[in-house]
Every structure is written in structure tokens, then in C-alpha cells.
>>> print(open('input.cif').read())   # mmCIF, C-alpha atoms
data_final
loop_
_atom_site.label_atom_id
_atom_site.label_comp_id
_atom_site.auth_asym_id
_atom_site.auth_seq_id
_atom_site.Cartn_x
_atom_site.Cartn_y
_atom_site.Cartn_z
CA MET A 1 12.31 20.00 1.07
CA LYS A 2 13.50 18.10 4.16
CA THR A 3 15.98 15.27 3.51
CA ILE A 4 15.66 12.38 5.97
CA LEU A 5 18.14 9.50 6.11
CA ILE A 6 16.99 6.19 7.61
CA SER A 7 19.67 3.60 8.30
CA GLY A 8 18.22 0.13 8.46
CA GLY A 9 15.50 1.47 6.19
CA SER A 10 14.64 -1.81 4.47
CA GLY A 11 14.11 -3.63 7.77
CA PHE A 12 10.85 -4.15 9.62
CA ILE A 13 10.64 -0.84 11.49
CA GLY A 14 12.68 1.11 8.96
CA SER A 15 10.52 0.21 5.96
CA ASN A 16 7.34 1.13 7.83
CA LEU A 17 8.94 4.44 8.79
CA CYS A 18 9.99 5.08 5.17
CA LYS A 19 6.45 4.35 4.00
CA GLU A 20 4.97 6.84 6.46
CA LEU A 21 7.48 9.66 6.02
CA VAL A 22 7.42 9.60 2.21
CA LYS A 23 3.69 10.39 2.33
CA ASN A 24 4.67 13.97 3.19
CA GLU A 25 5.44 15.70 -0.12
CA ASN A 26 7.94 17.96 1.67
CA ASN A 27 10.12 14.97 2.60
CA LYS A 28 12.86 13.27 0.61
CA ILE A 29 13.82 9.89 2.04
CA ILE A 30 17.24 8.26 1.75
CA CYS A 31 16.99 4.62 2.80
CA VAL A 32 20.33 3.04 3.74
CA ASP A 33 20.64 -0.69 4.38
CA ASN A 34 22.93 -3.64 3.68
CA ASN A 35 19.85 -5.92 3.56
CA TYR A 36 21.35 -8.22 6.19
CA THR A 37 17.98 -8.64 7.91
CA GLY A 38 16.00 -6.22 5.76
CA THR A 39 14.88 -6.85 2.22
CA ILE A 40 14.26 -4.86 -0.94
CA GLY A 41 10.78 -6.40 -0.97
CA ASN A 42 9.87 -4.25 2.04
CA ILE A 43 10.52 -1.03 0.09
CA LYS A 44 9.76 -2.23 -3.45
CA LYS A 45 6.66 -0.03 -3.82
CA LEU A 46 8.65 3.06 -2.80
CA LEU A 47 11.47 2.69 -5.33
CA SER A 48 9.55 4.41 -8.13
CA ASN A 49 8.89 7.48 -5.97
CA PRO A 50 11.20 10.36 -7.05
CA ARG A 51 11.46 11.47 -3.41
CA PHE A 52 12.77 8.07 -2.31
CA GLU A 53 16.34 6.84 -2.76
CA PHE A 54 17.85 3.52 -1.72
CA ILE A 55 21.57 3.16 -0.97
CA GLU A 56 22.96 -0.30 -0.28
CA HIS A 57 25.56 0.27 2.41
CA ASP A 58 26.78 -1.19 5.71
CA ILE A 59 27.01 1.59 8.31
CA ILE A 60 29.97 -0.14 9.94
CA GLU A 61 31.78 1.75 7.17
CA PRO A 62 31.61 5.57 6.91
CA LEU A 63 28.89 6.87 4.60
CA ASN A 64 29.54 9.75 2.23
CA ILE A 65 26.42 11.62 1.18
CA ASN A 66 26.84 14.53 -1.23
CA GLN A 67 23.70 16.35 -0.19
CA LYS A 68 22.44 18.13 2.90
CA ILE A 69 20.81 15.84 5.46
CA ASP A 70 18.30 17.34 7.89
CA GLU A 71 17.33 14.31 9.98
CA ILE A 72 18.75 10.85 10.61
CA TYR A 73 16.94 7.87 12.10
CA ASN A 74 19.55 5.30 13.12
CA LEU A 75 17.72 1.97 13.07
CA ALA A 76 20.39 -0.28 11.56
CA CYS A 77 21.11 -3.35 13.68
CA PRO A 78 20.06 -7.00 13.82
CA ALA A 79 17.27 -6.98 16.41
CA SER A 80 16.44 -10.62 17.09
CA PRO A 81 18.56 -13.16 18.99
CA LYS A 82 18.66 -15.49 16.00
CA PHE A 83 20.56 -12.89 13.97
CA TYR A 84 22.58 -11.03 16.60
CA GLN A 85 24.00 -14.06 18.46
CA LYS A 86 26.55 -16.78 17.66
CA GLU A 87 28.68 -16.12 14.57
CA HIS A 88 27.01 -12.72 14.04
CA ALA A 89 27.76 -11.38 17.52
CA ILE A 90 30.88 -9.37 16.60
CA PHE A 91 29.09 -7.96 13.56
CA THR A 92 26.23 -6.88 15.86
CA SER A 93 28.62 -5.13 18.25
CA LYS A 94 30.30 -3.34 15.35
CA THR A 95 26.94 -2.21 13.97
CA CYS A 96 25.88 -0.84 17.37
CA VAL A 97 29.15 1.00 18.07
CA LEU A 98 30.90 1.79 14.78
CA GLY A 99 27.54 2.32 13.10
CA ALA A 100 26.48 4.80 15.77
CA ILE A 101 29.77 6.68 15.43
CA ASN A 102 29.44 6.89 11.65
CA MET A 103 25.85 8.13 11.84
CA LEU A 104 26.77 10.65 14.55
CA GLU A 105 29.65 11.93 12.43
CA LEU A 106 27.24 12.34 9.52
CA ALA A 107 24.88 14.26 11.80
CA LYS A 108 27.77 16.43 12.98
CA LYS A 109 28.80 17.21 9.40
CA ASN A 110 25.26 18.19 8.44
CA ASN A 111 24.14 19.76 11.74
CA ALA A 112 21.28 17.27 11.54
CA ARG A 113 18.98 15.92 14.19
CA ILE A 114 19.59 12.24 14.86
CA LEU A 115 17.39 9.68 16.57
CA GLN A 116 18.83 6.49 18.01
CA ALA A 117 16.62 3.42 18.04
CA SER A 118 17.72 1.91 21.33
CA THR A 119 15.93 -0.98 22.97
CA SER A 120 14.26 -2.33 26.07
CA GLU A 121 17.09 -4.88 26.08
CA ILE A 122 19.31 -2.29 27.75
CA TYR A 123 17.32 -3.11 30.92
CA GLY A 124 18.43 -6.75 30.67
CA ASN A 125 16.62 -9.12 33.04
CA PRO A 126 15.10 -6.32 35.12
CA ASP A 127 14.95 -6.14 38.91
CA ILE A 128 12.15 -3.55 38.78
CA HIS A 129 8.79 -3.82 37.09
CA PRO A 130 7.62 -2.04 35.02
CA GLN A 131 10.85 -0.52 33.67
CA ASN A 132 11.28 3.26 33.66
CA GLU A 133 13.97 5.35 32.03
CA ALA A 134 15.81 6.01 35.31
CA TYR A 135 16.49 2.29 35.79
CA SER A 136 20.06 1.45 34.79
CA GLY A 137 19.34 -2.21 34.05
CA ASN A 138 20.57 -5.67 34.95
CA VAL A 139 22.62 -6.89 32.00
CA ASN A 140 25.11 -9.75 31.77
CA PRO A 141 28.07 -8.05 30.02
CA ILE A 142 29.65 -11.32 28.86
CA GLY A 143 26.53 -13.34 28.01
CA ILE A 144 25.34 -14.46 24.58
CA ARG A 145 22.98 -11.48 24.35
CA ALA A 146 25.61 -8.93 25.37
CA CYS A 147 26.60 -8.06 21.80
CA TYR A 148 23.15 -6.51 21.40
CA ASP A 149 22.33 -5.43 24.97
CA GLU A 150 25.72 -3.85 25.71
CA GLY A 151 26.09 -2.68 22.10
CA LYS A 152 22.91 -0.64 22.42
CA ARG A 153 23.98 0.67 25.83
CA MET A 154 27.28 1.80 24.31
CA ALA A 155 25.41 3.47 21.45
CA GLU A 156 23.35 5.46 23.97
CA SER A 157 26.56 6.51 25.70
CA LEU A 158 28.03 7.68 22.39
CA PHE A 159 24.92 9.69 21.56
CA PHE A 160 25.03 11.57 24.84
CA ASP A 161 28.80 12.12 24.57
CA TYR A 162 28.40 13.55 21.07
CA HIS A 163 25.69 15.82 22.43
CA ARG A 164 27.80 17.00 25.35
CA ILE A 165 31.02 17.44 23.37
CA HIS A 166 29.79 18.43 19.89
CA ASN A 167 26.30 19.73 20.69
CA ILE A 168 24.72 17.19 18.33
CA LYS A 169 20.91 17.34 18.38
CA ILE A 170 20.04 13.85 19.60
CA LYS A 171 16.93 11.84 20.45
CA VAL A 172 17.19 8.42 22.14
CA ILE A 173 14.21 6.09 22.26
CA ARG A 174 14.00 2.67 23.90
CA ILE A 175 11.81 0.42 21.78
CA PHE A 176 9.94 -2.42 23.47
CA ASN A 177 8.67 -5.49 21.58
CA THR A 178 7.10 -4.32 18.32
CA TYR A 179 5.24 -6.36 15.72
CA GLY A 180 3.28 -5.92 12.51
CA PRO A 181 3.50 -6.11 8.70
CA LYS A 182 6.94 -6.40 7.08
CA MET A 183 8.38 -8.52 9.88
CA ASN A 184 10.86 -11.11 8.66
CA SER A 185 9.18 -14.52 8.86
CA ASN A 186 12.45 -16.18 9.83
CA ASP A 187 13.88 -13.73 12.35
CA GLY A 188 13.08 -15.78 15.43
CA ARG A 189 10.89 -13.16 17.10
CA VAL A 190 8.02 -14.57 19.09
CA VAL A 191 5.07 -12.99 17.24
CA SER A 192 6.29 -13.87 13.75
CA ASN A 193 7.40 -17.32 14.94
CA PHE A 194 4.00 -18.17 16.39
CA ILE A 195 2.02 -16.78 13.44
CA CYS A 196 4.11 -18.52 10.80
CA GLN A 197 4.11 -21.83 12.66
CA ALA A 198 0.33 -21.67 13.05
CA LEU A 199 -0.23 -20.75 9.39
CA LYS A 200 1.88 -23.71 8.33
CA GLY A 201 -0.03 -26.04 10.65
CA GLU A 202 3.04 -26.64 12.79
CA ASP A 203 3.24 -26.81 16.59
CA ILE A 204 3.69 -23.43 18.27
CA THR A 205 7.04 -23.57 20.08
CA ILE A 206 7.41 -21.83 23.44
CA TYR A 207 10.82 -21.55 25.08
CA GLY A 208 10.66 -22.07 28.83
CA ASN A 209 7.40 -22.50 30.76
CA GLY A 210 5.77 -19.59 28.92
CA GLU A 211 5.12 -17.56 32.05
CA GLN A 212 7.71 -14.93 31.07
CA THR A 213 6.00 -11.71 30.00
CA ARG A 214 6.33 -9.26 27.13
CA SER A 215 4.48 -6.09 26.12
CA PHE A 216 3.71 -5.91 22.41
CA CYS A 217 3.34 -2.63 20.51
CA TYR A 218 1.85 -2.54 17.01
CA ILE A 219 4.14 -0.92 14.44
CA ASP A 220 1.79 1.98 13.57
CA ASP A 221 1.79 3.15 17.19
CA LEU A 222 5.59 3.03 17.33
CA ILE A 223 5.98 4.99 14.06
CA ASP A 224 3.60 7.63 15.41
CA ILE A 225 5.68 8.29 18.54
CA MET A 226 9.01 8.12 16.67
CA ILE A 227 7.96 10.93 14.33
CA LYS A 228 6.63 12.99 17.25
CA ILE A 229 9.90 12.60 19.15
CA MET A 230 11.99 13.59 16.13
CA ALA A 231 9.86 16.73 15.74
CA SER A 232 10.22 17.72 19.41
CA SER A 233 12.30 20.65 20.63
CA ASP A 234 16.09 20.33 20.73
CA ASP A 235 16.12 20.29 24.54
CA PHE A 236 14.28 16.96 24.61
CA LEU A 237 16.96 14.28 24.34
CA GLY A 238 15.50 11.17 25.96
CA PRO A 239 15.97 8.39 26.68
CA ILE A 240 12.27 7.63 26.47
CA ASN A 241 10.41 4.33 26.49
CA THR A 242 8.25 3.58 23.45
CA GLY A 243 6.03 0.55 23.79
CA ASN A 244 2.70 -0.84 24.89
CA PRO A 245 2.28 -1.39 28.65
CA GLU A 246 -0.34 -4.11 28.04
CA GLU A 247 1.53 -7.13 29.46
CA LEU A 248 1.02 -10.71 28.31
CA THR A 249 2.61 -14.01 29.20
CA ILE A 250 4.05 -15.92 26.26
CA ASN A 251 1.47 -18.64 26.97
CA GLU A 252 -1.33 -16.08 26.59
CA LEU A 253 0.13 -14.83 23.32
CA ALA A 254 0.39 -18.38 21.96
CA LEU A 255 -3.23 -19.12 22.83
CA LEU A 256 -4.40 -15.88 21.20
CA ILE A 257 -2.62 -16.70 17.95
CA LYS A 258 -3.63 -20.37 18.04
CA ASN A 259 -7.32 -19.48 18.43
CA LYS A 260 -7.15 -16.88 15.65
CA ILE A 261 -5.52 -19.22 13.12
CA ASN A 262 -5.94 -22.90 13.93
CA SER A 263 -7.31 -24.09 17.26
CA ASN A 264 -6.28 -27.69 16.46
CA ILE A 265 -2.52 -27.15 16.50
CA LYS A 266 -0.47 -28.03 19.57
CA ILE A 267 1.72 -25.88 21.80
CA THR A 268 5.09 -27.42 22.71
CA HIS A 269 7.86 -26.27 25.04
CA LYS A 270 11.66 -26.17 24.72
CA PRO A 271 14.39 -25.02 27.15
CA LEU A 272 14.61 -21.28 27.80
CA PRO A 273 17.71 -19.62 26.24
CA LYS A 274 20.34 -18.19 28.58
CA ASP A 275 19.76 -14.61 29.86
CA ASP A 276 16.25 -14.44 28.40
CA PRO A 277 14.38 -11.72 30.36
CA LYS A 278 11.63 -13.01 32.65
CA LYS A 279 9.53 -9.83 32.57
CA ARG A 280 9.24 -6.90 30.22
CA LYS A 281 6.82 -3.97 30.51
CA PRO A 282 7.46 -0.30 29.74
CA ASP A 283 6.61 2.57 32.02
CA ILE A 284 5.44 5.13 29.42
CA THR A 285 4.75 8.00 31.82
CA LEU A 286 7.23 10.24 29.99
CA ALA A 287 5.64 9.57 26.60
CA LYS A 288 2.23 10.42 28.02
CA GLU A 289 3.45 13.61 29.72
CA TYR A 290 5.63 14.99 26.91
CA PHE A 291 3.75 13.81 23.83
CA ASN A 292 0.26 12.90 25.02
CA TRP A 293 0.95 9.50 23.50
CA GLU A 294 -0.09 5.99 24.30
CA PRO A 295 -0.73 3.01 22.00
CA LYS A 296 -4.14 2.93 20.32
CA ILE A 297 -4.12 -0.50 18.68
CA SER A 298 -5.02 -3.46 20.88
CA ILE A 299 -3.05 -6.69 20.75
CA SER A 300 -6.06 -8.48 19.26
CA LYS A 301 -6.54 -5.97 16.43
CA GLY A 302 -2.80 -5.76 15.81
CA LEU A 303 -2.50 -9.54 15.58
CA ASP A 304 -5.38 -9.64 13.09
CA LYS A 305 -3.53 -7.17 10.84
CA THR A 306 -0.24 -9.06 11.20
CA ILE A 307 -1.81 -12.45 10.52
CA GLU A 308 -3.44 -11.06 7.38
CA TYR A 309 -0.06 -9.75 6.21
CA PHE A 310 1.61 -13.14 6.67
CA LYS A 311 -1.29 -14.94 4.99
CA ASN A 312 -0.75 -12.79 1.90
CA ASN A 313 3.05 -12.70 1.92
CA LEU A 314 4.45 -15.72 3.70
CA GLN A 315 5.61 -17.47 0.52
CA TYR A 316 7.51 -14.38 -0.65
CA ILE A 317 9.19 -13.33 2.58
CA LYS A 318 12.96 -13.60 2.98
CA ARG A 319 13.96 -16.89 4.55
#
>>> encode(input="input.cif", output="C-alpha cells")
Amino acid sequence: MKTILISGGSGFIGSNLCKELVKNENNKIICVDNNYTGTIGNIKKLLSNPRFEFIEHDIIEPLNINQKIDEIYNLACPASPKFYQKEHAIFTSKTCVLGAINMLELAKKNNARILQASTSEIYGNPDIHPQNEAYSGNVNPIGIRACYDEGKRMAESLFFDYHRIHNIKIKVIRIFNTYGPKMNSNDGRVVSNFICQALKGEDITIYGNGEQTRSFCYIDDLIDIMIKIMASSDDFLGPINTGNPEELTINELALLIKNKINSNIKITHKPLPKDDPKKRKPDITLAKEYFNWEPKISISKGLDKTIEYFKNNLQYIKR
């Protein structure tokens, strides 16, 4: 039996990962979360499974586990500007840095493989397009997004230092915009924002002129590559981009969602937040070469699945 610990396991990506990994009868899953942005509702159906355990814990504090851990997925961190900025900024920095240290120490104690869920935000407002793993980024270190951007950059640094100094078996992935079922309806991310506004009959709100671009990866495709990377040989460390290179403007995304839900609603514009990236598109050459991977689910099909999820769950989702 392989024991897999997932920090941030009740969040959007974490809960989908838990759901997939527990399907394997040779896996025992330990889900760790403080439910700051995650919710028990995301993992409710798993709680009765004898191979699934939930521990409510904030990884800013050391975690004592009295059993052998084989793999750790470190996903714990607020991942949307609404939650990681303002009064939560210091908490976000602590989660990125102290949380990474605590998970790395746990990996060291157990001689476990550990995967860090880093982010495309480490590229900041990029000067090159698309972004590849060799690009060191263009990040404002004192801006309102720095708690997350620089926090994740520091976490990557810690992972590689622990590998060099303690020979920890690490994997570092850089996740680009991901969407799908189990997203928090109130997390401020663009896909969930647009879908929920449209379902409620409200105006779709775009920040800026809407010509900024993003590349959206459906959650199932991301989970697929995460598991493949964790299973790769110890000499593959990363960092590696994980995302969908299909690039859309925010205006195009809004129109797609509007036409799928309610073509009568309006699209309105508000000022663009400070340091918001103008372009975002992953170069996934490494993922193709090493893992023969590229996303399979189109933005249209993925949006259909996500809209259906919110139609069925919007009234129950954490506010």
C-alpha cells in the first residue's frame, strides 16, 4: 500500500487529485487542509472510504504523521488574488515558505517523493511569449501580488536547495490557469466569476479592456500530468510547465460563456488591477517530450462540464 499525503487536499485541484488517486486500491490518501479556501464539501464523498483520511491542519505549523509517507503533493496555498492579497498577504507568504519547509522536512523524514505545485505567476508580467521554463520571469517583488508570486518563487528555491543539500526527491510543476468542477464560486478567478455571474443573470465583469490573454487547462488534463510527473524517475526534477497552450483573450472567454448560458446578459468593464499579467501562455515542449502529454479537453467542452457543475452546485458552494 502506497501512502500519499496531499496538502491543500480539500481545495479545487487537491480534491480532484484525491478523487483520482483514491481510485487505485493500492493507494491510501491523507488529505491535509485548514479549509481556508477549500471545503469539506469537495471531499465529502471520499470520507467514508477506509483508504482516505482527512486531517484539518495548517501547514504553516509542522505536521506530525505517525505513519510512513511515500509521496507528498504540496498544493496548499490560496491561489486567487481575492484570497492571497490585502489582509491575507502575510498568511500567503507564510504558507508558501513555511509550508514548503514543513512539507520538505516531512519528505526528508520519510524519504518520500514530493511534488511542489508552483505556478505560472512566477513568470510575472512576462517579456517573452509563450513562457518556457528557462525564462526567469518579470515579477514586481513589492507589488500587491508579490506575496503569491515571490512566495512561490521562494518555494521553488527551497525545493531545489533541499534536493541539493539533503538529496530530497523533488518534482516542481508550474501550473497555468486551470478550471473545472469543485472550483470555489467566490474565489475571484475569471472562469468561475464569469460562469456564476451568467448563471445568476448578472453582468459579466471584465477588468481592463479584456484584450489580456490567458490559457485555460481543464482540471482532468492537469491531474493526468501531475500523476505522470510524480511517477517519473528520480532524475526528473522540473520545473515543468503544465497547462493548455490554447490562448484566449478575456473578451473571447466572456463571449463563450455568455453564449453558452445567457446571450442576453451584458458585459461590463472595470479598471485592471495593478501588476495583472497582460499575456499568459505556456510552452509545453518539455511535457510533450518527457511525458508525451498535451491537453485533450477543449475549452468549449471543458466549459460545458464546468457550467453543468455550477448549475447543480452553485447554491451549496462555499461563499
>>> closest_residue(input="input.cif", among="A:Lys305, A:Arg214, A:Lys19, A:Arg153", to="Leu248 of chain A", atoms="all atoms listed in the file")
A:Arg214
>>> residues_near_point(input="input.cif", point="(26.2, 15.7, 0.5)", cutoff="10 Å", atoms="all atoms listed in the file", output="short mmCIF file (atom, residue, chain, number, x, y, z; two decimals) with C-alpha atoms, in the coordinates of the input")
data_model
loop_
_atom_site.label_atom_id
_atom_site.label_comp_id
_atom_site.auth_asym_id
_atom_site.auth_seq_id
_atom_site.Cartn_x
_atom_site.Cartn_y
_atom_site.Cartn_z
CA ASN A 64 29.54 9.75 2.23
CA ILE A 65 26.42 11.62 1.18
CA ASN A 66 26.84 14.53 -1.23
CA GLN A 67 23.70 16.35 -0.19
CA LYS A 68 22.44 18.13 2.90
CA ILE A 69 20.81 15.84 5.46
CA LEU A 106 27.24 12.34 9.52
CA LYS A 109 28.80 17.21 9.40
CA ASN A 110 25.26 18.19 8.44
#
>>> residues_around(input="input.cif", residues="Gly8 of chain A", least_positions_apart="4", cutoff="8 Å", atoms="only C-alpha atoms", output="PyMOL selection string")
chain A and resi 14+31-35+38+74-77
>>> write_last_selection(input="input.cif", atoms="C-alpha atoms", output="mmCIF file, in the coordinates of the input")
data_model
loop_
_atom_site.group_PDB
_atom_site.id
_atom_site.type_symbol
_atom_site.label_atom_id
_atom_site.label_comp_id
_atom_site.auth_asym_id
_atom_site.auth_seq_id
_atom_site.Cartn_x
_atom_site.Cartn_y
_atom_site.Cartn_z
ATOM 1 C CA GLY A 14 12.680 1.110 8.960
ATOM 2 C CA CYS A 31 16.990 4.620 2.800
ATOM 3 C CA VAL A 32 20.330 3.040 3.740
ATOM 4 C CA ASP A 33 20.640 -0.690 4.380
ATOM 5 C CA ASN A 34 22.930 -3.640 3.680
ATOM 6 C CA ASN A 35 19.850 -5.920 3.560
ATOM 7 C CA GLY A 38 16.000 -6.220 5.760
ATOM 8 C CA ASN A 74 19.550 5.300 13.120
ATOM 9 C CA LEU A 75 17.720 1.970 13.070
ATOM 10 C CA ALA A 76 20.390 -0.280 11.560
ATOM 11 C CA CYS A 77 21.110 -3.350 13.680
#
>>> residues_around(input="input.cif", residues="segment 257-274 of chain A", least_positions_apart="6", cutoff="6 Å", atoms="all atoms listed in the file", output="list of chain:residue names")
A:Asp203, A:Ile204, A:Thr205, A:Ile206, A:Tyr207, A:Gly208
>>> axis_aligned_box(input="input.cif", around="segment 22-27 of chain A", padding_each_side="5 Å", output="JSON")
{"center_x": 6.9, "center_y": 13.8, "center_z": 1.5, "size_x": 16.4, "size_y": 18.4, "size_z": 13.3}
>>> atom_distance(input="input.cif", atom1="atom CA of Ile225 of chain A", atom2="atom CA of Glu156 of chain A")
18.7 Å
>>> resolve_selection(input="input.cif", expression="the PyMOL selection byres ((chain A and resi 152) around 10)", output="VMD selection string")
chain A and resid 77 92 to 93 95 to 97 100 116 to 122 146 to 151 153 to 158 174
>>> closest_residue(input="input.cif", among="A:Asp187, A:Asp234, A:Glu133, A:Glu56", to="Ala112 of chain A", atoms="all atoms listed in the file")
A:Asp234
>>> closest_residue(input="input.cif", among="A:Asp161, A:Glu247, A:Asp70, A:Asp276", to="Ile29 of chain A", atoms="only C-alpha atoms")
A:Asp70
>>> resolve_selection(input="input.cif", expression="the PyMOL selection byres ((chain A and resi 231) around 12)", output="PyMOL selection string")
chain A and resi 70-73+113-115+169-171+224-230+232-237+291
>>> atom_distance(input="input.cif", atom1="atom CA of Lys2 of chain A", atom2="atom CA of Asn27 of chain A")
4.9 Å
>>> closest_residue(input="input.cif", among="A:Arg280, A:Pro245, A:Ile299, A:Cys196", to="Lys311 of chain A", atoms="only C-alpha atoms")
A:Cys196
>>> closest_residue(input="input.cif", among="A:Ile101, A:Leu253, A:Leu46, A:Leu5", to="Lys23 of chain A", atoms="only C-alpha atoms")
A:Leu46
>>> closest_residue(input="input.cif", among="A:Lys108, A:Lys281, A:His163, A:His88", to="Asn177 of chain A", atoms="only C-alpha atoms")
A:Lys281
